[in-house]
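Everything on this sheet refers to the single structure shown next.
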2 protein chains.
Amino acid sequence: MSPQRRTGLGTNQEAIRRHNLGTVLRHVHSAGEMSRAELTSLMGLNRSTIAGLVGELESLGILERADPAEGVRQGAGRPSAGVRIAADGPYVIAVDLGVDRAVVARVGLGGQVLQRAQAPVQAEGEAWQVGAAVAALVRAVVEDAPAVAPLVGMGISVPGLVRRSDGLIRLAPNLEWHDVSFGGIVLAALGLDVPVCLANDADLGALAEHTRGSGVGTDELIYLSGNVGVGAGIITGGHRLEGAGGYAGEVGHLRFDPDGHTCHCGNRGCWETEVGAHAIAAAIACPPDKVVQLGEVLDSFDKPSPALRATGTALGQGLASLVNMFNPQTVILGGYFRALYTLVGPEVNAGLAERALPAPLESVTLALPGLGADSSLLGAAEIALEPLFVDPVAALGTAIDDVHSRLAG
Amino acid sequence: MSPQRRTGLGTNQEAIRRHNLGTVLRHVHSAGEMSRAELTSLMGLNRSTIAGLVGELESLGILERADPAEGVRQGAGRPSAGVRIAADGPYVIAVDLGVDRAVVARVGLGGQVLQRAQAPVQAEGEAWQVGAAVAALVRAVVEDAPAVAPLVGMGISVPGLVRRSDGLIRLAPNLEWHDVSFGGIVLAALGLDVPVCLANDADLGALAEHTRGSGVGTDELIYLSGNVGVGAGIITGGHRLEGAGGYAGEVGHLRFDPDGHTCHCGNRGCWETEVGAHAIAAAIACPPDKVVQLGEVLDSFDKPSPALRATGTALGQGLASLVNMFNPQTVILGGYFRALYTLVGPEVNAGLAERALPAPLESVTLALPGLGADSSLLGAAEIALEPLFVDPVAALGTAIDDVHSRLAG
DNA sequence: ATGAATTTGTTGTGCCGGACGACAGTCTGG
DNA sequence: CCAGACTGTCGTCCGGCACAACAAATTCAT
């Protein structure tokens, strides 16, 4: 969390330095290689101050100097030397725990996936089994990491409700998990102690799309995630909407039709009973074992059936409730909603326009994810990297060097 | 908006001072008279620094020294001198524009209403007529203001959609206004030029309840406002949820029952058609001209009718959607919902428990407004005071002294 | 081609703000 | 009455950023 969100505390000079170092890093992280001059104008600080900040980050091994770009060079004057993420700089482990598979990646600053591995996950597998599988993937992924590169932390994307205070998985319906401390399980299987952070997959999708996907530049966005269940990650004012316990965004259980079907949550007519994966699978006669790959199944269609059109209308109408409530600038349709929207986009738009209020409707645009299927994975990397932007020096202090040999030993 | 929300900018020493001065002021504003020692521990700064900050605010005429409280004195040691809002310090004008009446108040730091006046407003009155009436109330309210006390700004609470960027009233259904620049109208009628800030009444109710009402200490709250329409003000992470255009919180048009009644927005079965004032009035056979005082009408009941019980259930069921989506810690039932909840609280609770997910349900509590009917008025004062907390020196620089004689001249 | 203009990097200096330590003042408790 | 505890005040110091001056590298005009 940005220090900007601190509430009643005072600021001292130490905090300035922390904040400015972190902000420099955040800019290079999100915009990629850039010049000191750009940093100067972005941050509103003096040239010499920026030079000092960049110099400190270089001596920490986080950034490195880049020769002036040979490419387009506009305007007169001395060309500004570039600044970029260091090659052997700090990295994090990102884990995207899906319903049917787990993806693990080693991700550096700048959101670059340096290495990745994945494995299928047993449906209804025990948490310790999944944890062991993830740990094996982690070992594979850090194998080629440079010994000098420090591991800053680990982020895990979970298809379920995660308690904000301690990262406990309260409920993951499709894994059939209740109150699982998955972070601890993975760390125990690894025999490692690094900061680990868990969050809901839709929340992380929103975060990643906001940082480097279709939502760049918009501080009000909703990432609607269609996996087996329906959830939303919400960014307002540039920050994740978490809620008191961390459970915000459970839009799948919005009331949609009181006379509708029974939902697994026990109520009737939740939105998920209309636009959830099982509902869509039933509408298109998709076999039950293919439900987890509903996106691919939908991709194989070239013309939408009437049932799919109705689903599109329901999607748009439900979105209208979200738009009325949040007044977002962008709504990103992730998971199988990407495939669904490419099939029945007009119906979705019509359903939305029909039921949204004019004022919020005029400022919203629907978009597809800019990061494809990696939104949640990269979001997991983002939350793991976050401490670096709050206080780079402190984050490096708790980081672990030469992880590979530690894991081997 | 708090400086805490700045995004990518750097911080310099000037900003530190601004921030710390503002934070001191914010603490005294929200907690009332306090000692320097308390400020020291709250803000984590050194004693001498706090002394310097308080001294500067005293010399600006914002704070004043208070003798050590005679009351309970705990622990040994030298008693700490108090700090409180100065008697003739800066103030703002707060306007609560209702459907049937306008309330105008002169409000000082600390949220103290120093003077107030109100007048009925013509139903379907022209904006310039209402503006003139408000201007007259403003004149009345500043009449006895000390000449040395500066006017910092004006905040206006509006029952409708307000564009965030410029404060334009896009739509106020019950006043039948479209695209009215009410701030400009009032300023023109006054012949004064002060910073003026407009916002939705529910948003301001949430803000006020968060600062000094039932929502103190909770950073995730929803203020559900029942006036003629139904709207919500939402605080997440301690900040107002505004949305891209400023229209967030239009929960009255959540889809509730697709086979329900037609709503004035053109759709069927909006939540407002079940729990809106007109719906309730119809259910209890309240004459149409009393709809604007629905709260008082409900207060006269001592036993709920079956129709009211059904309304309570619908209220709870709709709240469940909000709770699932936002995972708030507190939901405050303002406007006529206060009276409704005292009548049919059990039904509301049951409807909520029936349809909310277990995890968000366990952390939410329903509450009545702690500020009575003044929530929106005090919220209007809060947004007008906000510049003082961002930069006290600058805000005083643009403030106007001796308003009364200026208005007379 | 050459000098002027422009822009950036570098260095040294100064200012400002908060931290810290020492001392004084005022209370509680024995 | 004295020891202990806590707060306010003062002077000093340190760290961070701004600023000015200079050097370096490039573009543009003649």
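Ligands are numbered from 1 in the order shown, residues from 1 within each chain, and chains are lettered A, B, ... in the order they appear in the structure tokens.
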Subject >> Neighbour list for DT2 of chain C as number ranges by chain, cut-off 12 Å, only C-alpha atoms (C1' of nucleotides), skip fewer than 5 positions in-chain >> reply: D: 28-30
Original post:
What's the 9 Å shell around segment 17-26 of chain C, counting only C-alpha atoms (C1' of nucleotides), without same-chain residues fewer than 3 positions away, as a list in words?
Top reply: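 That gives Asn12 and Gln13 of chain A; Gln13, Glu14, Ile16, Arg17, Leu45, Asn46, Ser48, Thr49, Gly77, Arg78 and Pro79 of chain B; DC6, DT7, DG8, DT9, DC10, DT12, DC13 and DC14 of chain D.
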Subject >> Interface, chain D side, toward chain A (7 Å; only C-alpha atoms (C1' of nucleotides)) as a list of chain:residue names >> reply: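 Output check: D:DG16, D:DC17, D:DA18, D:DA25, D:DT26, D:DT27.
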Written selection (N, CA, C and O atoms (P, O5', C5', C4', C3', O3' and C1' of nucleotides)) as a PDB file, in the first residue's frame:
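For reference, again11.pdb as written:
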```pdb
ATOM      1  P    DG D  16      18.521  11.284   4.030  1.00  0.00           P
ATOM      2  O5'  DG D  16      17.560  12.225   3.180  1.00  0.00           O
ATOM      3  C5'  DG D  16      16.277  12.541   3.692  1.00  0.00           C
ATOM      4  C4'  DG D  16      15.770  13.739   2.948  1.00  0.00           C
ATOM      5  C3'  DG D  16      16.075  13.677   1.450  1.00  0.00           C
ATOM      6  O3'  DG D  16      14.888  13.821   0.701  1.00  0.00           O
ATOM      7  C1'  DG D  16      16.808  15.746   2.381  1.00  0.00           C
ATOM      8  P    DC D  17      14.929  13.610  -0.879  1.00  0.00           P
ATOM      9  O5'  DC D  17      14.672  15.086  -1.419  1.00  0.00           O
ATOM     10  C5'  DC D  17      13.601  15.852  -0.879  1.00  0.00           C
ATOM     11  C4'  DC D  17      13.804  17.320  -1.180  1.00  0.00           C
ATOM     12  C3'  DC D  17      14.028  17.639  -2.661  1.00  0.00           C
ATOM     13  O3'  DC D  17      13.073  18.611  -3.078  1.00  0.00           O
ATOM     14  C1'  DC D  17      15.693  18.658  -1.316  1.00  0.00           C
ATOM     15  P    DA D  18      13.081  19.157  -4.579  1.00  0.00           P
ATOM     16  O5'  DA D  18      13.750  20.606  -4.424  1.00  0.00           O
ATOM     17  C5'  DA D  18      13.201  21.526  -3.494  1.00  0.00           C
ATOM     18  C4'  DA D  18      13.917  22.863  -3.570  1.00  0.00           C
ATOM     19  C3'  DA D  18      14.070  23.414  -4.982  1.00  0.00           C
ATOM     20  O3'  DA D  18      13.891  24.826  -4.937  1.00  0.00           O
ATOM     21  C1'  DA D  18      16.218  23.082  -4.018  1.00  0.00           C
ATOM     22  P    DA D  25      30.263  14.213 -23.561  1.00  0.00           P
ATOM     23  O5'  DA D  25      28.939  14.266 -24.450  1.00  0.00           O
ATOM     24  C5'  DA D  25      27.723  13.837 -23.872  1.00  0.00           C
ATOM     25  C4'  DA D  25      26.562  14.347 -24.703  1.00  0.00           C
ATOM     26  C3'  DA D  25      26.765  14.225 -26.228  1.00  0.00           C
ATOM     27  O3'  DA D  25      25.620  13.627 -26.783  1.00  0.00           O
ATOM     28  C1'  DA D  25      26.072  16.397 -25.663  1.00  0.00           C
ATOM     29  P    DT D  26      25.727  12.790 -28.105  1.00  0.00           P
ATOM     30  O5'  DT D  26      24.752  13.587 -29.076  1.00  0.00           O
ATOM     31  C5'  DT D  26      23.379  13.614 -28.765  1.00  0.00           C
ATOM     32  C4'  DT D  26      22.753  14.944 -29.108  1.00  0.00           C
ATOM     33  C3'  DT D  26      22.669  15.297 -30.592  1.00  0.00           C
ATOM     34  O3'  DT D  26      21.414  14.901 -31.118  1.00  0.00           O
ATOM     35  C1'  DT D  26      23.003  17.197 -29.174  1.00  0.00           C
ATOM     36  P    DT D  27      21.112  15.090 -32.661  1.00  0.00           P
ATOM     37  O5'  DT D  27      20.413  16.522 -32.678  1.00  0.00           O
ATOM     38  C5'  DT D  27      19.265  16.757 -31.866  1.00  0.00           C
ATOM     39  C4'  DT D  27      18.749  18.182 -32.078  1.00  0.00           C
ATOM     40  C3'  DT D  27      18.464  18.546 -33.536  1.00  0.00           C
ATOM     41  O3'  DT D  27      17.254  19.281 -33.608  1.00  0.00           O
ATOM     42  C1'  DT D  27      20.017  20.075 -32.612  1.00  0.00           C
TER      43       DT D  27
END
```
Subject >> Pairwise distance for atom CA of Pro328 of chain B and atom CA of Ala248 of chain A, rounded to one decimal in Å >> reply: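 So the two atoms, atom CA of Pro328 of chain B and atom CA of Ala248 of chain A, lie 8.1 Å apart.
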Show me, as CSV, the residues of chain C having an atom within 6 Å of chain A, each with the closest atom pair and its distance in Å, using only C-alpha atoms (C1' of nucleotides).
```
residue,atom,partner,partner_atom,distance
C:DT6,C1',A:Gly77,CA,4.7
C:DT7,C1',A:Gly77,CA,3.7
C:DT8,C1',A:Arg78,CA,5.3
```
Subject >> Of the listed residues A:Leu368, A:Ala31, A:Ala232, A:Ala384, that which approaches chain B most closely, counting only C-alpha atoms >> reply: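 Closest candidate: A:Ala232.
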Original post:
Which residues, written as a list in words, have at least one atom at most 8 Å from Val291 of chain B, with only C-alpha atoms (C1' of nucleotides) counted and residues fewer than 5 positions away on the same chain left out?
Top reply: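 Listed by chain and then number, they are Val228, Ala277, His278, Ala281 and Cys286 of chain B.
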Give me a file of those residues, with N, CA, C and O atoms, as an mmCIF file, in the first residue's frame.
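The file below, part.cif, is the result:
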```cif
data_model
loop_
_atom_site.group_PDB
_atom_site.id
_atom_site.type_symbol
_atom_site.label_atom_id
_atom_site.label_comp_id
_atom_site.auth_asym_id
_atom_site.auth_seq_id
_atom_site.Cartn_x
_atom_site.Cartn_y
_atom_site.Cartn_z
ATOM 1 N N VAL B 228 -36.385 10.669 -1.011
ATOM 2 C CA VAL B 228 -37.425 10.182 -1.908
ATOM 3 C C VAL B 228 -36.881 9.016 -2.717
ATOM 4 O O VAL B 228 -37.490 7.970 -2.835
ATOM 5 N N ALA B 277 -39.396 5.661 -1.338
ATOM 6 C CA ALA B 277 -40.419 6.356 -0.552
ATOM 7 C C ALA B 277 -41.809 6.167 -1.142
ATOM 8 O O ALA B 277 -42.783 5.946 -0.413
ATOM 9 N N HIS B 278 -41.897 6.233 -2.448
ATOM 10 C CA HIS B 278 -43.225 6.092 -3.042
ATOM 11 C C HIS B 278 -43.777 4.689 -2.816
ATOM 12 O O HIS B 278 -44.976 4.523 -2.557
ATOM 13 N N ALA B 281 -44.852 4.511 0.790
ATOM 14 C CA ALA B 281 -46.053 5.320 0.994
ATOM 15 C C ALA B 281 -47.286 4.580 0.496
ATOM 16 O O ALA B 281 -48.339 4.585 1.153
ATOM 17 N N CYS B 286 -50.032 6.207 2.725
ATOM 18 C CA CYS B 286 -49.630 7.555 3.126
ATOM 19 C C CYS B 286 -49.963 8.509 1.991
ATOM 20 O O CYS B 286 -49.689 8.218 0.832
#
```
Subject >> Check: which chain A residues lie within 8 Å of chain B using only C-alpha atoms, as a PyMOL selection string >> reply: chain A and resi 3-6+8-13+16+19-20+23+27+42-45+170+219-220+236-237+241-251+253-258+265+267+318+321+324-329+354-355+357+359-360+363
**OP:** Return as a VMD selection string the full set of residues in segment 102-188 of chain B whose backbone-based DSSP assignment is strand (DSSP E).
**Re:** chain B and resid 102 to 108 112 to 120 151 to 158 161 to 162 169 to 172 177 to 180
